[in-house]
>>> print(open('my_file_21.pdb').read())   # PDB, C-alpha atoms
MODEL        1
ATOM      1  CA  MET V 277     -21.532  31.475  15.803
ATOM      2  CA  LYS V 278     -19.191  28.778  17.161
ATOM      3  CA  GLU V 279     -20.818  26.083  14.969
ATOM      4  CA  LEU V 280     -20.579  28.348  11.904
ATOM      5  CA  ILE V 281     -16.858  28.950  12.445
ATOM      6  CA  LEU V 282     -16.159  25.246  12.861
ATOM      7  CA  ARG V 283     -18.197  24.369   9.755
ATOM      8  CA  LEU V 284     -16.374  26.915   7.606
ATOM      9  CA  ALA V 285     -13.005  25.769   8.976
ATOM     10  CA  ARG V 286     -13.753  22.178   7.954
ATOM     11  CA  GLN V 287     -14.987  23.191   4.524
ATOM     12  CA  ARG V 288     -11.884  25.308   3.803
ATOM     13  CA  PHE V 289      -9.347  22.980   5.402
ATOM     14  CA  PRO V 290      -6.373  23.379   5.450
ATOM     15  CA  LEU V 291      -6.318  26.954   6.722
ATOM     16  CA  GLU V 292      -3.149  29.058   6.405
ATOM     17  CA  TYR V 293      -2.083  32.484   7.637
ATOM     18  CA  ASN V 294       1.217  34.122   6.642
ATOM     19  CA  GLY V 295       2.495  30.769   5.419
ATOM     20  CA  GLY V 296       1.595  28.886   8.583
ATOM     21  CA  ARG V 297      -1.130  26.325   9.255
ATOM     22  CA  VAL V 298      -4.053  27.389  11.432
ATOM     23  CA  PHE V 299      -6.080  24.779  13.336
ATOM     24  CA  ILE V 300      -9.520  25.485  14.763
ATOM     25  CA  SER V 301     -11.107  22.916  17.057
ATOM     26  CA  LEU V 302     -13.822  22.650  19.673
ATOM     27  CA  ASP V 303     -13.172  24.091  23.110
ATOM     28  CA  PHE V 304     -13.671  20.842  25.054
ATOM     29  CA  PHE V 305     -14.114  20.560  28.781
ATOM     30  CA  PRO V 306     -11.040  19.289  30.684
ATOM     31  CA  ASP V 307     -12.531  15.824  31.253
ATOM     32  CA  ILE V 308     -13.249  15.420  27.524
ATOM     33  CA  ILE V 309      -9.717  16.520  26.652
ATOM     34  CA  LYS V 310      -8.328  13.957  29.074
ATOM     35  CA  LYS V 311     -10.380  11.174  27.507
ATOM     36  CA  ARG V 312      -9.262  12.144  23.995
ATOM     37  CA  GLN V 313      -5.626  12.248  25.085
ATOM     38  CA  ALA V 314      -5.908   8.574  25.986
ATOM     39  CA  PHE V 315      -6.027   7.886  22.228
ATOM     40  CA  ASP V 316      -2.894   9.881  21.381
ATOM     41  CA  ALA V 317      -0.796   6.744  20.850
ATOM     42  CA  ILE V 318      -3.384   5.301  18.463
ATOM     43  CA  LYS V 319      -3.664   8.622  16.636
ATOM     44  CA  ASN V 320       0.101   8.707  16.121
ATOM     45  CA  LYS V 321       0.090   5.149  14.786
ATOM     46  CA  CYS V 322      -2.656   6.102  12.338
ATOM     47  CA  LYS V 323      -0.676   9.113  11.143
ATOM     48  CA  GLU V 324       2.471   7.032  10.672
ATOM     49  CA  SER V 325       0.521   4.441   8.641
ATOM     50  CA  GLY V 326      -1.259   7.056   6.555
ATOM     51  CA  TYR V 327      -4.722   6.391   8.014
ATOM     52  CA  SER V 328      -7.190   9.071   9.026
ATOM     53  CA  TYR V 329      -8.983   8.873  12.366
ATOM     54  CA  TRP V 330     -12.319  10.140  13.591
ATOM     55  CA  PHE V 331     -13.974  10.561  16.969
ATOM     56  CA  GLY V 332     -17.593   9.486  17.190
ATOM     57  CA  SER V 333     -18.546  12.728  18.927
ATOM     58  CA  GLU V 334     -17.500  14.802  15.922
ATOM     59  CA  GLU V 335     -20.274  15.596  13.437
ATOM     60  CA  LYS V 336     -18.212  14.799  10.376
ATOM     61  CA  CYS V 337     -18.223  11.847   7.998
ATOM     62  CA  PRO V 338     -14.887   9.972   8.313
ATOM     63  CA  LEU V 339     -14.707   9.858   4.509
ATOM     64  CA  GLY V 340     -15.275  13.611   4.286
ATOM     65  CA  SER V 341     -18.419  13.513   2.163
ATOM     66  CA  LYS V 342     -20.481  15.562   4.642
ATOM     67  CA  VAL V 343     -19.808  17.852   7.572
ATOM     68  CA  ASN V 344     -22.946  17.378   9.663
ATOM     69  CA  ALA V 345     -23.118  13.595   9.349
ATOM     70  CA  GLY V 346     -25.042  11.284  11.644
ATOM     71  CA  LEU V 347     -24.856   7.512  11.917
ATOM     72  CA  GLN V 348     -27.520   7.067   9.240
ATOM     73  CA  HIS V 349     -25.426   8.983   6.705
ATOM     74  CA  ILE V 350     -22.243   7.089   7.554
ATOM     75  CA  LEU V 351     -23.840   3.640   7.345
ATOM     76  CA  SER V 352     -26.236   4.049   4.440
ATOM     77  CA  ARG V 353     -25.989   7.392   2.617
ATOM     78  CA  CYS V 354     -22.323   8.311   2.217
ATOM     79  CA  SER V 355     -21.689   9.046  -1.468
ATOM     80  CA  ILE V 356     -17.967   8.324  -1.164
ATOM     81  CA  ALA V 357     -18.625   4.940   0.440
ATOM     82  CA  LEU V 358     -20.987   4.219  -2.437
ATOM     83  CA  THR V 359     -18.514   5.153  -5.184
ATOM     84  CA  GLN V 360     -15.750   3.180  -3.436
ATOM     85  CA  SER V 361     -18.032   0.088  -3.415
ATOM     86  CA  ARG V 362     -17.945  -0.108   0.386
ATOM     87  CA  LEU V 363     -21.714  -0.440   0.572
ATOM     88  CA  ARG V 364     -21.631  -3.048  -2.213
ATOM     89  CA  TRP V 365     -19.014  -5.030  -0.284
ATOM     90  CA  ARG V 366     -21.200  -5.058   2.829
ATOM     91  CA  HIS V 367     -24.234  -6.057   0.742
ATOM     92  CA  ASN V 368     -22.322  -8.945  -0.823
ATOM     93  CA  GLN V 369     -21.122 -10.259   2.546
ATOM     94  CA  VAL V 370     -24.746 -10.567   3.693
ATOM     95  CA  LEU V 371     -25.808 -11.944   0.313
ATOM     96  CA  LYS V 372     -23.099 -14.613   0.490
ATOM     97  CA  LYS V 373     -24.523 -15.947   3.761
ATOM     98  CA  LEU V 374     -28.069 -15.756   2.452
ATOM     99  CA  ALA V 375     -27.073 -17.616  -0.727
ATOM    100  CA  GLU V 376     -25.471 -20.365   1.365
ATOM    101  CA  GLN V 377     -28.753 -20.877   3.212
ATOM    102  CA  VAL V 378     -30.967 -21.024   0.128
ATOM    103  CA  GLU V 379     -28.444 -23.248  -1.662
ATOM    104  CA  GLY V 380     -28.779 -25.732   1.177
ATOM    105  CA  CYS V 381     -32.534 -25.501   0.790
ATOM    106  CA  ARG V 382     -32.199 -26.182  -2.956
ATOM    107  CA  VAL V 383     -30.038 -29.261  -2.384
ATOM    108  CA  ARG V 384     -32.476 -30.670   0.191
ATOM    109  CA  ALA V 385     -35.412 -30.082  -2.130
ATOM    110  CA  ASN V 386     -33.681 -31.808  -5.050
ATOM    111  CA  ASN V 387     -32.777 -34.780  -2.855
ATOM    112  CA  SER V 388     -36.347 -35.139  -1.590
ATOM    113  CA  PRO V 389     -38.904 -37.347  -3.357
ATOM    114  CA  ASP V 390     -41.239 -35.809  -5.895
ATOM    115  CA  PRO V 391     -44.653 -35.372  -4.178
ATOM    116  CA  THR V 392     -46.437 -36.029  -7.468
ATOM    117  CA  ARG V 393     -44.815 -39.463  -7.607
ATOM    118  CA  PRO V 394     -45.259 -41.056  -4.182
ATOM    119  CA  ASN V 395     -43.099 -44.035  -3.339
ATOM    120  CA  ILE V 396     -45.495 -47.021  -3.225
ATOM    121  CA  PRO V 397     -43.967 -49.891  -1.233
ATOM    122  CA  PHE V 398     -44.906 -53.434  -2.193
ATOM    123  CA  VAL V 399     -46.185 -55.525   0.722
ATOM    124  CA  ARG V 400     -45.921 -59.291   0.926
ATOM    125  CA  PRO V 401     -48.999 -61.275   1.899
ATOM    126  CA  GLY V 402     -49.359 -61.296   5.665
ATOM    127  CA  ASP V 403     -47.070 -58.319   6.266
ATOM    128  CA  GLY V 404     -48.438 -55.150   7.815
ATOM    129  CA  GLY V 405     -49.106 -52.232   5.545
ATOM    130  CA  GLN V 406     -46.775 -49.232   5.469
ATOM    131  CA  LYS V 407     -47.650 -45.599   5.219
ATOM    132  CA  ILE V 408     -46.929 -43.836   1.952
ATOM    133  CA  VAL V 409     -44.561 -40.924   2.554
ATOM    134  CA  VAL V 410     -45.170 -37.945   0.314
ATOM    135  CA  GLY V 411     -42.542 -35.203   0.093
ATOM    136  CA  ARG V 412     -43.390 -31.750   1.413
ATOM    137  CA  ASP V 413     -42.328 -28.353   0.097
ATOM    138  CA  THR V 414     -38.925 -27.355   1.482
ATOM    139  CA  CYS V 415     -38.405 -23.593   1.896
ATOM    140  CA  LEU V 416     -41.014 -22.866  -0.796
ATOM    141  CA  LEU V 417     -39.274 -25.254  -3.233
ATOM    142  CA  THR V 418     -41.292 -28.193  -4.522
ATOM    143  CA  PRO V 419     -39.244 -31.326  -3.770
ATOM    144  CA  GLY V 420     -37.758 -33.460  -6.527
ATOM    145  CA  LYS V 421     -38.066 -30.864  -9.305
ATOM    146  CA  LYS V 422     -34.379 -30.330 -10.229
ATOM    147  CA  TRP V 423     -34.104 -26.768  -8.985
ATOM    148  CA  GLU V 424     -31.285 -24.575 -10.299
ATOM    149  CA  MET V 425     -29.886 -21.395  -8.773
ATOM    150  CA  ARG V 426     -27.746 -18.382  -9.631
ATOM    151  CA  ALA V 427     -26.513 -15.654  -7.278
ATOM    152  CA  ASP V 428     -25.125 -12.224  -8.192
ATOM    153  CA  LEU V 429     -21.759 -12.878  -6.548
ATOM    154  CA  GLY V 430     -18.364 -12.878  -8.221
ATOM    155  CA  ASN V 431     -19.216 -12.856 -11.909
ATOM    156  CA  GLN V 432     -22.078 -10.607 -12.994
ATOM    157  CA  LEU V 433     -25.333 -12.525 -12.930
ATOM    158  CA  VAL V 434     -26.963 -13.266 -16.271
ATOM    159  CA  PHE V 435     -30.661 -14.019 -16.016
ATOM    160  CA  PRO V 436     -31.440 -17.559 -17.258
ATOM    161  CA  THR V 437     -32.481 -17.382 -20.892
ATOM    162  CA  GLU V 438     -34.692 -20.456 -20.501
ATOM    163  CA  ILE V 439     -36.957 -18.301 -18.328
ATOM    164  CA  THR V 440     -36.982 -15.059 -20.334
ATOM    165  CA  GLN V 441     -34.733 -12.320 -21.721
ATOM    166  CA  THR V 442     -34.138  -9.405 -19.343
ATOM    167  CA  THR V 443     -31.383  -7.030 -18.247
ATOM    168  CA  LEU V 444     -32.537  -7.159 -14.618
ATOM    169  CA  ARG V 445     -30.072  -8.689 -12.152
ATOM    170  CA  PRO V 446     -31.751 -10.044  -9.035
ATOM    171  CA  ASP V 447     -29.485 -11.064  -6.190
ATOM    172  CA  VAL V 448     -30.679 -14.681  -6.381
ATOM    173  CA  VAL V 449     -32.796 -16.482  -8.951
ATOM    174  CA  MET V 450     -33.995 -20.062  -8.478
ATOM    175  CA  TRP V 451     -35.993 -21.930 -11.085
ATOM    176  CA  SER V 452     -37.328 -25.323 -12.033
ATOM    177  CA  THR V 453     -38.469 -26.093 -15.566
ATOM    178  CA  ALA V 454     -40.169 -29.250 -14.285
ATOM    179  CA  ALA V 455     -42.229 -27.339 -11.724
ATOM    180  CA  LYS V 456     -42.601 -24.269 -13.973
ATOM    181  CA  LYS V 457     -41.702 -22.047 -11.047
ATOM    182  CA  VAL V 458     -39.283 -19.144 -10.563
ATOM    183  CA  LEU V 459     -38.201 -17.507  -7.301
ATOM    184  CA  ILE V 460     -36.577 -14.062  -7.198
ATOM    185  CA  ILE V 461     -34.704 -12.973  -4.055
ATOM    186  CA  GLU V 462     -33.644  -9.331  -3.815
ATOM    187  CA  LEU V 463     -31.621  -8.181  -0.786
ATOM    188  CA  THR V 464     -31.480  -4.619   0.553
ATOM    189  CA  ILE V 465     -29.323  -3.272   3.424
ATOM    190  CA  PRO V 466     -31.255  -0.124   4.432
ATOM    191  CA  TRP V 467     -31.583   2.038   7.523
ATOM    192  CA  GLU V 468     -34.238   0.519   9.810
ATOM    193  CA  GLU V 469     -36.853   3.179   9.068
ATOM    194  CA  GLY V 470     -36.510   2.490   5.330
ATOM    195  CA  MET V 471     -37.095  -1.266   5.407
ATOM    196  CA  SER V 472     -40.770  -1.160   4.415
ATOM    197  CA  VAL V 473     -40.046   1.314   1.594
ATOM    198  CA  ALA V 474     -37.221  -0.912   0.334
ATOM    199  CA  TYR V 475     -39.564  -3.910   0.349
ATOM    200  CA  GLU V 476     -42.206  -2.215  -1.772
ATOM    201  CA  HIS V 477     -39.606  -0.746  -4.139
ATOM    202  CA  LYS V 478     -38.024  -4.131  -4.878
ATOM    203  CA  ARG V 479     -41.394  -5.856  -5.165
ATOM    204  CA  LEU V 480     -42.568  -3.360  -7.794
ATOM    205  CA  LYS V 481     -39.197  -3.482  -9.580
ATOM    206  CA  TYR V 482     -39.831  -7.071 -10.698
ATOM    207  CA  SER V 483     -43.598  -6.862 -11.237
ATOM    208  CA  ASP V 484     -43.247  -6.462 -15.015
ATOM    209  CA  LEU V 485     -40.879  -9.425 -15.161
ATOM    210  CA  ALA V 486     -43.401 -11.481 -13.193
ATOM    211  CA  ALA V 487     -46.122 -10.531 -15.694
ATOM    212  CA  GLU V 488     -43.861 -11.566 -18.578
ATOM    213  CA  CYS V 489     -43.247 -14.941 -16.938
ATOM    214  CA  ARG V 490     -46.962 -15.307 -16.343
ATOM    215  CA  GLU V 491     -47.592 -14.929 -20.065
ATOM    216  CA  GLY V 492     -45.119 -17.761 -20.627
ATOM    217  CA  GLY V 493     -46.940 -20.035 -18.191
ATOM    218  CA  LEU V 494     -44.455 -19.760 -15.329
ATOM    219  CA  PHE V 495     -45.207 -19.193 -11.658
ATOM    220  CA  MET V 496     -42.956 -16.450 -10.256
ATOM    221  CA  THR V 497     -42.577 -15.537  -6.588
ATOM    222  CA  ILE V 498     -40.806 -12.312  -5.627
ATOM    223  CA  HIS V 499     -39.015 -12.236  -2.283
ATOM    224  CA  PRO V 500     -37.659  -8.798  -1.298
ATOM    225  CA  VAL V 501     -35.651  -9.313   1.899
ATOM    226  CA  GLU V 502     -34.008  -6.792   4.218
ATOM    227  CA  VAL V 503     -31.200  -6.835   6.754
ATOM    228  CA  SER V 504     -30.620  -3.364   8.178
ATOM    229  CA  CYS V 505     -27.201  -1.697   8.039
ATOM    230  CA  ARG V 506     -27.005  -2.134  11.826
ATOM    231  CA  GLY V 507     -27.725  -5.871  11.639
ATOM    232  CA  PHE V 508     -31.482  -6.036  12.302
ATOM    233  CA  VAL V 509     -32.969  -8.956  10.350
ATOM    234  CA  GLY V 510     -36.262  -8.006   8.725
ATOM    235  CA  LYS V 511     -39.438 -10.056   8.963
ATOM    236  CA  SER V 512     -39.326 -10.762   5.228
ATOM    237  CA  THR V 513     -35.910 -12.415   5.601
ATOM    238  CA  ILE V 514     -37.101 -14.598   8.482
ATOM    239  CA  GLN V 515     -40.187 -15.616   6.499
ATOM    240  CA  LEU V 516     -38.044 -16.634   3.537
ATOM    241  CA  LEU V 517     -35.669 -18.766   5.603
ATOM    242  CA  HIS V 518     -38.578 -20.399   7.442
ATOM    243  CA  GLY V 519     -40.379 -21.160   4.206
ATOM    244  CA  ASP V 520     -43.386 -18.902   4.878
ATOM    245  CA  LYS V 521     -45.368 -17.379   2.034
ATOM    246  CA  PRO V 522     -44.594 -13.765   1.072
ATOM    247  CA  LYS V 523     -47.206 -11.029   1.120
ATOM    248  CA  GLU V 524     -47.847 -11.242  -2.598
ATOM    249  CA  VAL V 525     -47.201 -14.024  -5.105
ATOM    250  CA  HIS V 526     -47.153 -13.350  -8.829
ATOM    251  CA  GLN V 527     -48.154 -16.541 -10.597
ATOM    252  CA  GLY V 528     -49.226 -17.864 -13.948
ATOM    253  CA  THR V 529     -52.319 -19.660 -15.040
ATOM    254  CA  GLY V 530     -50.704 -22.589 -16.837
TER
ENDMDL
END
>>> encode(input="my_file_21.pdb", output="structure tokens")
Amino acid sequence: MKELILRLARQRFPLEYNGGRVFISLDFFPDIIKKRQAFDAIKNKCKESGYSYWFGSEEKCPLGSKVNAGLQHILSRCSIALTQSRLRWRHNQVLKKLAEQVEGCRVRANNSPDPTRPNIPFVRPGDGGQKIVVGRDTCLLTPGKKWEMRADLGNQLVFPTEITQTTLRPDVVMWSTAAKKVLIIELTIPWEEGMSVAYEHKRLKYSDLAAECREGGLFMTIHPVEVSCRGFVGKSTIQLLHGDKPKEVHQGTG
């Protein structure tokens, strides 16, 4: 009965009786009340500045989208946070760091020698021979192939028309016309238990695009990556940054 009264009071807030405000709150134990009173100064500052405040022990979303809200709702399911682009902002902060890492990988790959054209040193008579150094793949990018990159940050990403025409907007697309390869990176910030589902969803999302590229003779690799809303870095993200192969590679025949 107590929980029902509190739920109805929150749903119908503010409550009034005979022109006066009525407040209904939990009947806390004295030690809990004492701990909450320690935040009175902060609460007053919030009120003066027009900010709302929320105690973690209260089962209510601080944005007011749900009464019985747990941490999972607040961090990944709040509809108000979604409409206010709060979840998008968090996603883009992670994407920005990820894009910085893969951009560094792209620059290193472009500055590395082309493995199909090994540097053959000329040796004078009598001098010792030298080993021929052949470039290796750097973070899944074939060296020396003039890789280009676009990230869905700032301006809305437009998929490169030299690859194909599509309305899909991956978080990062990297491509090389010389190598005939395309890499798609799609970031998700899910709750930990939803990381595997997010991976499969994003992988299937671009499967038709991969088939279209395959018909055009391009090799496409899809990299769904996950960083949980509580900061846990998924295995797929670690594999990408270490240059390991993903579970499934969609590739062409030409």
>>> atom_distance(input="my_file_21.pdb", atom1="atom CA of Asn386 of chain V", atom2="atom CA of Thr437 of chain V")
21.5 Å
>>> closest_residue(input="my_file_21.pdb", among="V:Ala486, V:Ala455, V:Ile498, V:Val509", to="Met471 of chain V", atoms="all atoms listed in the file")
V:Val509
>>> closest_residue(input="my_file_21.pdb", among="V:Leu485, V:Cys322, V:Leu371, V:Ile356", to="Cys337 of chain V", atoms="all atoms listed in the file")
V:Ile356
>>> resolve_selection(input="my_file_21.pdb", expression="the PyMOL selection byres ((chain V and resi 480) around 12)", output="list in words")
Glu462, Val473, Ala474, Tyr475, Glu476, His477, Lys478, Arg479, Lys481, Tyr482, Ser483, Asp484, Leu485, Ala486, Ala487, Ile498, His499, Pro500, Glu524, Val525 and His526 of chain V
>>> atom_distance(input="my_file_21.pdb", atom1="atom CA of Asn368 of chain V", atom2="atom CA of Trp467 of chain V")
16.6 Å
>>> atom_distance(input="my_file_21.pdb", atom1="atom CA of Ser325 of chain V", atom2="atom CA of Gly340 of chain V")
18.8 Å
>>> resolve_selection(input="my_file_21.pdb", expression="the PyMOL selection byres ((chain V and resi 423) around 7)", output="MDAnalysis selection string")
chainID V and resid 382 386 421:422 424:425 450:452
>>> closest_residue(input="my_file_21.pdb", among="V:Asn294, V:Asn431, V:Thr440, V:Ser472", to="Val458 of chain V", atoms="only C-alpha atoms")
V:Thr440
